[in-house]
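Structure first, then comments.
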Amino acid sequence: MFLSNVFFNQLFLNLVRVLITSCCCLLLISTPLKWVSAQETVSVNTAISVESFESLITQGRSERKDGDYDASFATLTKAHKQSNQLGNQVLISKALSELGVTRMYQGRYSGALEFFHECIIIQEALEDSVGLADSYNFIASVHHAQTDYTIASKYYLRSLSLREKLGDQVPLGVVYNNLGTLYADQGNLEDGLEYHNKSMDIWKELRDTSWIAISLRHIGFCRERQGNADEALKSYLEGYHLSVKKGTRMNVMRASMPIGNLYLKMGDPQKALDWCKQAYLLSMEESNLYGIQESCLCLSEVYDRLHQSATALDFYRRSIAARDSIYGHERTKELTRLEMNFVFERQQLADSLKFVKTQIIQERKIQGQRIGLASIGLVLLMIGTLAVVIYRGKRKSDNLLLNILPKEIADELKQYGSAKAKRLENVTVLFADFSGFTTLSEQMTPEQLVTEIHECFSYFDGVMSEFGIEKIKTIGDAYMAASGVPAPSETHAEDVIKAAIKMQQFMLARQAEKTLKGEQFFRMRIGIHTGTVVAGIVGVKKFQYDIWGDAVNVAARLEQNSEPGKVNVSKATYELVEDQFSFSYRGKVSAKGKGEIDMYFLDE
């Protein structure tokens, strides 16, 4: 994301080379011929690499179609590695998209979202409308599967808007199908049927048997919900036979499931047994959590109707286990975190993407000007212009770097290309998070949620700056900061306590304001501990300054054992500031993985 001094030095050297080449080009007429030859050689080598990449993509798709998702993911990971080696953003985007689809088919939704969001960043920079339409549709599908209907609708409609402009019938039919399913799942059956019929018109015109089978299944679902069981069964069976004939095992599983459920609803558990068992076996073969959850639930009800209670209970437990893997609170919180982080990351990347685009435009202009350069004066003018662009870019890059790294670390990184991890004594760590976040997040729109978190965290950032505290990171609704890093501080504990007081005062004032308006509000817990940490940079891309050690773990446990509106402090911190603030001793409190810890509540 950020450009080092080495990069700018290299760029100036390249400009000198341009100057020399331009001055000599009038004398060395044969040079262009040799240059073309070299380019041809590079192109051949690149073509071979791209061919290898495309071969891996084809293989990964084939493995996914056969239901071998682990093999597909391994193959597509190789393709992603090759695309990075080539440095081709289009290929990187393609590999990320395919990896996301494989994870989505496995029911590993958080992993899928990470790939799709990373893909969108590249596609926006490339202005790739086709790729964006695909990514929006995939992200919508993930949230749809998680019953996050508001988010799903937003992304489906974004995809539809692009697809209608592009005019490609197959992807347009897919979005129609997905929107129809979303409306039907929300109980809006008329709109659901309208979109499914639009989708069906496309498939019939294209004579696409596999998609006709899928649309028949969805139309059957709408008919069943409307109370027309006979018409629903007719559509289901027709779709099933087409799936067996032309579809994948995934589609056969999905076609079997509604037939079993409908027979069960019609009072024929024996027929339902055959269909649900088939769906279960196919789901297990493909390790599809959604299919396992649905088929096990169906089999539980079937065996209950057949008076086989033990077997019914066993399948019910299996269904619950699969459901928890898909819809558990932690998974919901993780998806919310990913969606929020994506929004924040896009805001942070906006300036740097704009700068990169400016660089590309300037480079293209330079390449066009090189051919026509006939004098050193023009070359010098070009260098002068570029120098201004480079200086401005470097200044913006430095500002962005300082926005996420401490100045000492940023300076070390720019000078040496890396920054060493350091052991630091006497560091006070603060952890804060919002009580009942998952429950409240389900009652707010994504936009409201992001706005609320953003406003709170922005205020906290100001508090950290006021007291000279280093913000470390945010993880979903959690906020982490530390004093005494990267440079020692004699007032580290005192500063963190003062910051915690201001944070809670802000949250209480916000609570009172929102109560008067009848709006939802967050309450915050804070935990503080003092000890030794190791601090350094994580990763080689999207640098992040982080801290590790037992002091960090203890601070996290103190936050978890705090209460809404309270600041929970360890004995180590208490002993440093007991003369400056008032505390209430809580006694020894059991903390997960840490045994019993002396804890103190900061008095209001």
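Ordering of the structure tokens sets the chain letters (A, B, ...); residue numbers start at 1 within each chain; ligands are numbered from 1 in the order shown.
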
Review point. Among range 539-591 of chain A, which residues carry a DSSP assignment of strand (DSSP E or B), reported as a list of chain:residue names?
Key: A:Gln544, A:Tyr545, A:Asp546, A:Ile547, A:Trp548, A:Val567, A:Asn568, A:Val569, A:Ser570, A:Phe583, A:Ser584, A:Tyr585, A:Arg586, A:Gly587, A:Lys588, A:Val589, A:Ser590, A:Ala591

I need the residues from that last selection saved to file as a short mmCIF file (atom, residue, chain, number, x, y, z; two decimals), in the first residue's frame (with C-alpha atoms), if you can.
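Output (selection_30.cif):
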data_model
loop_
_atom_site.label_atom_id
_atom_site.label_comp_id
_atom_site.auth_asym_id
_atom_site.auth_seq_id
_atom_site.Cartn_x
_atom_site.Cartn_y
_atom_site.Cartn_z
CA GLN A 544 0.00 -3.28 11.16
CA TYR A 545 1.80 -2.37 14.37
CA ASP A 546 0.80 -4.86 17.05
CA ILE A 547 1.72 -6.01 20.55
CA TRP A 548 1.88 -9.50 22.06
CA VAL A 567 -13.55 0.15 33.94
CA ASN A 568 -11.99 -3.06 35.30
CA VAL A 569 -8.35 -2.72 36.45
CA SER A 570 -5.74 -5.32 37.45
CA PHE A 583 -11.22 2.08 43.23
CA SER A 584 -13.49 -0.65 44.64
CA TYR A 585 -11.82 -4.00 45.23
CA ARG A 586 -13.76 -6.87 43.63
CA GLY A 587 -11.72 -9.67 45.17
CA LYS A 588 -10.17 -12.52 43.21
CA VAL A 589 -12.16 -13.13 40.03
CA SER A 590 -11.76 -16.27 37.93
CA ALA A 591 -10.51 -15.46 34.41
#

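Counting only C-alpha atoms, Cys298 in chain A has the following residues at most 10 Å away, ignoring those fewer than 4 positions along the same chain: Met257, Pro258, Gly260, Asn261, Leu264, Pro269, Ala272, Leu273, Trp275, Cys276, Lys277, Ala279, Tyr280, Ile292, Gln293, Glu294, Val302, Tyr303, Asp304, Ala312, Phe315, Tyr316 and Ser319 of chain A.
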
Counting only C-alpha atoms, what is within 10 Å of range 499-502 of chain A, bar same-chain residues fewer than 2 positions away, as a PDB file with N, CA, C and O atoms, in the first residue's frame?
ATOM      1  N   LEU A 430      -5.087  -1.287  27.171  1.00  0.00           N
ATOM      2  CA  LEU A 430      -6.534  -1.067  27.327  1.00  0.00           C
ATOM      3  C   LEU A 430      -7.298  -1.866  26.273  1.00  0.00           C
ATOM      4  O   LEU A 430      -6.967  -1.822  25.092  1.00  0.00           O
ATOM      5  N   PHE A 431      -8.292  -2.614  26.726  1.00  0.00           N
ATOM      6  CA  PHE A 431      -9.229  -3.301  25.832  1.00  0.00           C
ATOM      7  C   PHE A 431     -10.630  -2.765  26.117  1.00  0.00           C
ATOM      8  O   PHE A 431     -11.014  -2.603  27.279  1.00  0.00           O
ATOM      9  N   ALA A 432     -11.392  -2.495  25.055  1.00  0.00           N
ATOM     10  CA  ALA A 432     -12.788  -2.063  25.221  1.00  0.00           C
ATOM     11  C   ALA A 432     -13.645  -2.754  24.177  1.00  0.00           C
ATOM     12  O   ALA A 432     -13.197  -2.983  23.047  1.00  0.00           O
ATOM     13  N   TYR A 459     -14.064   9.150  18.091  1.00  0.00           N
ATOM     14  CA  TYR A 459     -13.888   9.886  19.352  1.00  0.00           C
ATOM     15  C   TYR A 459     -12.761   9.259  20.173  1.00  0.00           C
ATOM     16  O   TYR A 459     -11.918   9.969  20.727  1.00  0.00           O
ATOM     17  N   PHE A 460     -12.739   7.915  20.247  1.00  0.00           N
ATOM     18  CA  PHE A 460     -11.693   7.232  21.011  1.00  0.00           C
ATOM     19  C   PHE A 460     -10.312   7.571  20.445  1.00  0.00           C
ATOM     20  O   PHE A 460      -9.350   7.755  21.204  1.00  0.00           O
ATOM     21  N   GLY A 462      -9.396  10.308  19.070  1.00  0.00           N
ATOM     22  CA  GLY A 462      -9.054  11.642  19.557  1.00  0.00           C
ATOM     23  C   GLY A 462      -8.572  11.615  20.997  1.00  0.00           C
ATOM     24  O   GLY A 462      -7.629  12.330  21.363  1.00  0.00           O
ATOM     25  N   VAL A 463      -9.210  10.784  21.820  1.00  0.00           N
ATOM     26  CA  VAL A 463      -8.807  10.646  23.227  1.00  0.00           C
ATOM     27  C   VAL A 463      -7.389  10.080  23.304  1.00  0.00           C
ATOM     28  O   VAL A 463      -6.558  10.536  24.110  1.00  0.00           O
ATOM     29  N   MET A 464      -7.088   9.072  22.478  1.00  0.00           N
ATOM     30  CA  MET A 464      -5.750   8.479  22.493  1.00  0.00           C
ATOM     31  C   MET A 464      -4.690   9.525  22.135  1.00  0.00           C
ATOM     32  O   MET A 464      -3.626   9.597  22.754  1.00  0.00           O
ATOM     33  N   SER A 465      -5.002  10.338  21.127  1.00  0.00           N
ATOM     34  CA  SER A 465      -4.058  11.394  20.728  1.00  0.00           C
ATOM     35  C   SER A 465      -3.862  12.402  21.861  1.00  0.00           C
ATOM     36  O   SER A 465      -2.745  12.875  22.112  1.00  0.00           O
ATOM     37  N   GLU A 466      -4.941  12.725  22.554  1.00  0.00           N
ATOM     38  CA  GLU A 466      -4.874  13.700  23.644  1.00  0.00           C
ATOM     39  C   GLU A 466      -3.915  13.262  24.741  1.00  0.00           C
ATOM     40  O   GLU A 466      -3.166  14.077  25.299  1.00  0.00           O
ATOM     41  N   PHE A 467      -3.917  11.964  25.057  1.00  0.00           N
ATOM     42  CA  PHE A 467      -3.093  11.471  26.166  1.00  0.00           C
ATOM     43  C   PHE A 467      -1.819  10.773  25.689  1.00  0.00           C
ATOM     44  O   PHE A 467      -1.115  10.150  26.488  1.00  0.00           O
ATOM     45  N   GLY A 468      -1.519  10.862  24.395  1.00  0.00           N
ATOM     46  CA  GLY A 468      -0.285  10.274  23.885  1.00  0.00           C
ATOM     47  C   GLY A 468      -0.277   8.760  23.935  1.00  0.00           C
ATOM     48  O   GLY A 468       0.782   8.132  24.098  1.00  0.00           O
ATOM     49  N   ILE A 469      -1.448   8.157  23.784  1.00  0.00           N
ATOM     50  CA  ILE A 469      -1.581   6.696  23.818  1.00  0.00           C
ATOM     51  C   ILE A 469      -1.598   6.170  22.393  1.00  0.00           C
ATOM     52  O   ILE A 469      -2.163   6.795  21.499  1.00  0.00           O
ATOM     53  N   ALA A 493       0.274   4.391  32.976  1.00  0.00           N
ATOM     54  CA  ALA A 493      -0.932   3.901  33.653  1.00  0.00           C
ATOM     55  C   ALA A 493      -1.924   5.027  33.901  1.00  0.00           C
ATOM     56  O   ALA A 493      -3.141   4.892  33.664  1.00  0.00           O
ATOM     57  N   GLU A 494      -1.413   6.151  34.374  1.00  0.00           N
ATOM     58  CA  GLU A 494      -2.264   7.314  34.646  1.00  0.00           C
ATOM     59  C   GLU A 494      -2.972   7.781  33.374  1.00  0.00           C
ATOM     60  O   GLU A 494      -4.172   8.077  33.386  1.00  0.00           O
ATOM     61  N   ASP A 495      -2.227   7.841  32.273  1.00  0.00           N
ATOM     62  CA  ASP A 495      -2.807   8.313  31.010  1.00  0.00           C
ATOM     63  C   ASP A 495      -3.923   7.393  30.524  1.00  0.00           C
ATOM     64  O   ASP A 495      -4.960   7.859  30.033  1.00  0.00           O
ATOM     65  N   VAL A 496      -3.718   6.096  30.656  1.00  0.00           N
ATOM     66  CA  VAL A 496      -4.733   5.139  30.188  1.00  0.00           C
ATOM     67  C   VAL A 496      -5.991   5.221  31.055  1.00  0.00           C
ATOM     68  O   VAL A 496      -7.116   5.154  30.535  1.00  0.00           O
ATOM     69  N   ILE A 497      -5.844   5.382  32.354  1.00  0.00           N
ATOM     70  CA  ILE A 497      -7.010   5.530  33.233  1.00  0.00           C
ATOM     71  C   ILE A 497      -7.806   6.774  32.861  1.00  0.00           C
ATOM     72  O   ILE A 497      -9.040   6.755  32.755  1.00  0.00           O
ATOM     73  N   GLN A 504     -15.751   6.325  28.735  1.00  0.00           N
ATOM     74  CA  GLN A 504     -17.015   5.938  29.364  1.00  0.00           C
ATOM     75  C   GLN A 504     -17.950   7.138  29.513  1.00  0.00           C
ATOM     76  O   GLN A 504     -19.166   7.005  29.349  1.00  0.00           O
ATOM     77  N   GLN A 505     -17.399   8.311  29.786  1.00  0.00           N
ATOM     78  CA  GLN A 505     -18.233   9.518  29.878  1.00  0.00           C
ATOM     79  C   GLN A 505     -18.894   9.805  28.527  1.00  0.00           C
ATOM     80  O   GLN A 505     -20.076  10.170  28.465  1.00  0.00           O
ATOM     81  N   PHE A 506     -18.151   9.627  27.463  1.00  0.00           N
ATOM     82  CA  PHE A 506     -18.693   9.824  26.114  1.00  0.00           C
ATOM     83  C   PHE A 506     -19.826   8.842  25.842  1.00  0.00           C
ATOM     84  O   PHE A 506     -20.878   9.216  25.308  1.00  0.00           O
ATOM     85  N   MET A 507     -19.617   7.572  26.219  1.00  0.00           N
ATOM     86  CA  MET A 507     -20.629   6.549  25.953  1.00  0.00           C
ATOM     87  C   MET A 507     -21.894   6.788  26.776  1.00  0.00           C
ATOM     88  O   MET A 507     -23.016   6.575  26.295  1.00  0.00           O
ATOM     89  N   LEU A 508     -21.725   7.234  28.018  1.00  0.00           N
ATOM     90  CA  LEU A 508     -22.887   7.513  28.867  1.00  0.00           C
ATOM     91  C   LEU A 508     -23.685   8.706  28.325  1.00  0.00           C
ATOM     92  O   LEU A 508     -24.924   8.690  28.337  1.00  0.00           O
ATOM     93  N   ARG A 525     -17.647  -1.996  27.918  1.00  0.00           N
ATOM     94  CA  ARG A 525     -16.827  -2.559  28.997  1.00  0.00           C
ATOM     95  C   ARG A 525     -15.367  -2.258  28.687  1.00  0.00           C
ATOM     96  O   ARG A 525     -14.947  -2.325  27.533  1.00  0.00           O
ATOM     97  N   ILE A 526     -14.595  -1.956  29.742  1.00  0.00           N
ATOM     98  CA  ILE A 526     -13.169  -1.679  29.559  1.00  0.00           C
ATOM     99  C   ILE A 526     -12.358  -2.510  30.549  1.00  0.00           C
ATOM    100  O   ILE A 526     -12.740  -2.664  31.713  1.00  0.00           O
ATOM    101  N   GLY A 527     -11.238  -3.043  30.070  1.00  0.00           N
ATOM    102  CA  GLY A 527     -10.296  -3.760  30.922  1.00  0.00           C
ATOM    103  C   GLY A 527      -8.904  -3.183  30.751  1.00  0.00           C
ATOM    104  O   GLY A 527      -8.495  -2.850  29.626  1.00  0.00           O
ATOM    105  N   ILE A 528      -8.149  -3.032  31.859  1.00  0.00           N
ATOM    106  CA  ILE A 528      -6.817  -2.412  31.808  1.00  0.00           C
ATOM    107  C   ILE A 528      -5.834  -3.237  32.640  1.00  0.00           C
ATOM    108  O   ILE A 528      -6.137  -3.637  33.767  1.00  0.00           O
ATOM    109  N   GLY A 565     -20.437  -0.098  31.245  1.00  0.00           N
ATOM    110  CA  GLY A 565     -20.267   1.194  31.911  1.00  0.00           C
ATOM    111  C   GLY A 565     -19.129   1.220  32.923  1.00  0.00           C
ATOM    112  O   GLY A 565     -18.893   2.247  33.554  1.00  0.00           O
ATOM    113  N   LYS A 566     -18.402   0.101  33.080  1.00  0.00           N
ATOM    114  CA  LYS A 566     -17.357   0.000  34.103  1.00  0.00           C
ATOM    115  C   LYS A 566     -15.963  -0.075  33.478  1.00  0.00           C
ATOM    116  O   LYS A 566     -15.782  -0.496  32.339  1.00  0.00           O
ATOM    117  N   VAL A 567     -14.961   0.309  34.293  1.00  0.00           N
ATOM    118  CA  VAL A 567     -13.554   0.151  33.943  1.00  0.00           C
ATOM    119  C   VAL A 567     -12.953  -0.826  34.945  1.00  0.00           C
ATOM    120  O   VAL A 567     -12.911  -0.552  36.143  1.00  0.00           O
ATOM    121  N   ASN A 568     -12.513  -1.983  34.467  1.00  0.00           N
ATOM    122  CA  ASN A 568     -11.993  -3.060  35.300  1.00  0.00           C
ATOM    123  C   ASN A 568     -10.467  -3.052  35.232  1.00  0.00           C
ATOM    124  O   ASN A 568      -9.887  -3.144  34.148  1.00  0.00           O
ATOM    125  N   LEU A 602     -12.920   0.897  38.744  1.00  0.00           N
ATOM    126  CA  LEU A 602     -12.681   2.327  38.909  1.00  0.00           C
ATOM    127  C   LEU A 602     -13.987   2.983  39.339  1.00  0.00           C
ATOM    128  O   LEU A 602     -15.024   2.808  38.698  1.00  0.00           O
ATOM    129  N   ASP A 603     -13.954   3.721  40.458  1.00  0.00           N
ATOM    130  CA  ASP A 603     -15.175   4.369  40.958  1.00  0.00           C
ATOM    131  C   ASP A 603     -15.573   5.511  40.037  1.00  0.00           C
ATOM    132  O   ASP A 603     -14.724   6.235  39.497  1.00  0.00           O
ATOM    133  N   GLU A 604     -16.883   5.689  39.902  1.00  0.00           N
ATOM    134  CA  GLU A 604     -17.399   6.744  39.028  1.00  0.00           C
ATOM    135  C   GLU A 604     -17.162   8.122  39.642  1.00  0.00           C
ATOM    136  O   GLU A 604     -17.162   8.291  40.839  1.00  0.00           O
TER     137      GLU A 604
END

Review point. Between A:Thr311, A:Ser300, A:Asp68, A:Glu442, which one has atoms that come closest to Met284 in chain A, using only C-alpha atoms?
Key: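 Looking at the shortest contact to Met284 in chain A, the residue is A:Asp68.
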
Point to revise | Spatial neighbours of Ile214 in chain A, 9 Å, only C-alpha atoms, chain gap at least 5 places, as an MDAnalysis selection string | key: chainID A and resid 177 209 219 239:240 242:243 251 254:255

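Closest to Asn137 in chain A among A:Ala322, A:Ala572, A:Leu189, A:Leu160 is A:Leu160, based on only C-alpha atoms.
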
Check your understanding: Excluding same-chain residues fewer than 4 positions from range 485-491 of chain A, what lies within 9 Å of it counting only C-alpha atoms, as a PyMOL selection string?
Key -> chain A and resi 406+408-409+422+424-428+469-470+495-496+535-536+547

Review point. Expressed in Å to a single decimal, how great is the separation between CA of Asp579 in chain A and CA of Arg523 in chain A?
Key: 28.1 Å

Point to revise | alpha helix (DSSP H) positions in range 428-460 of chain A, given as a ChimeraX atom specification | key: /A:437-441,446-460
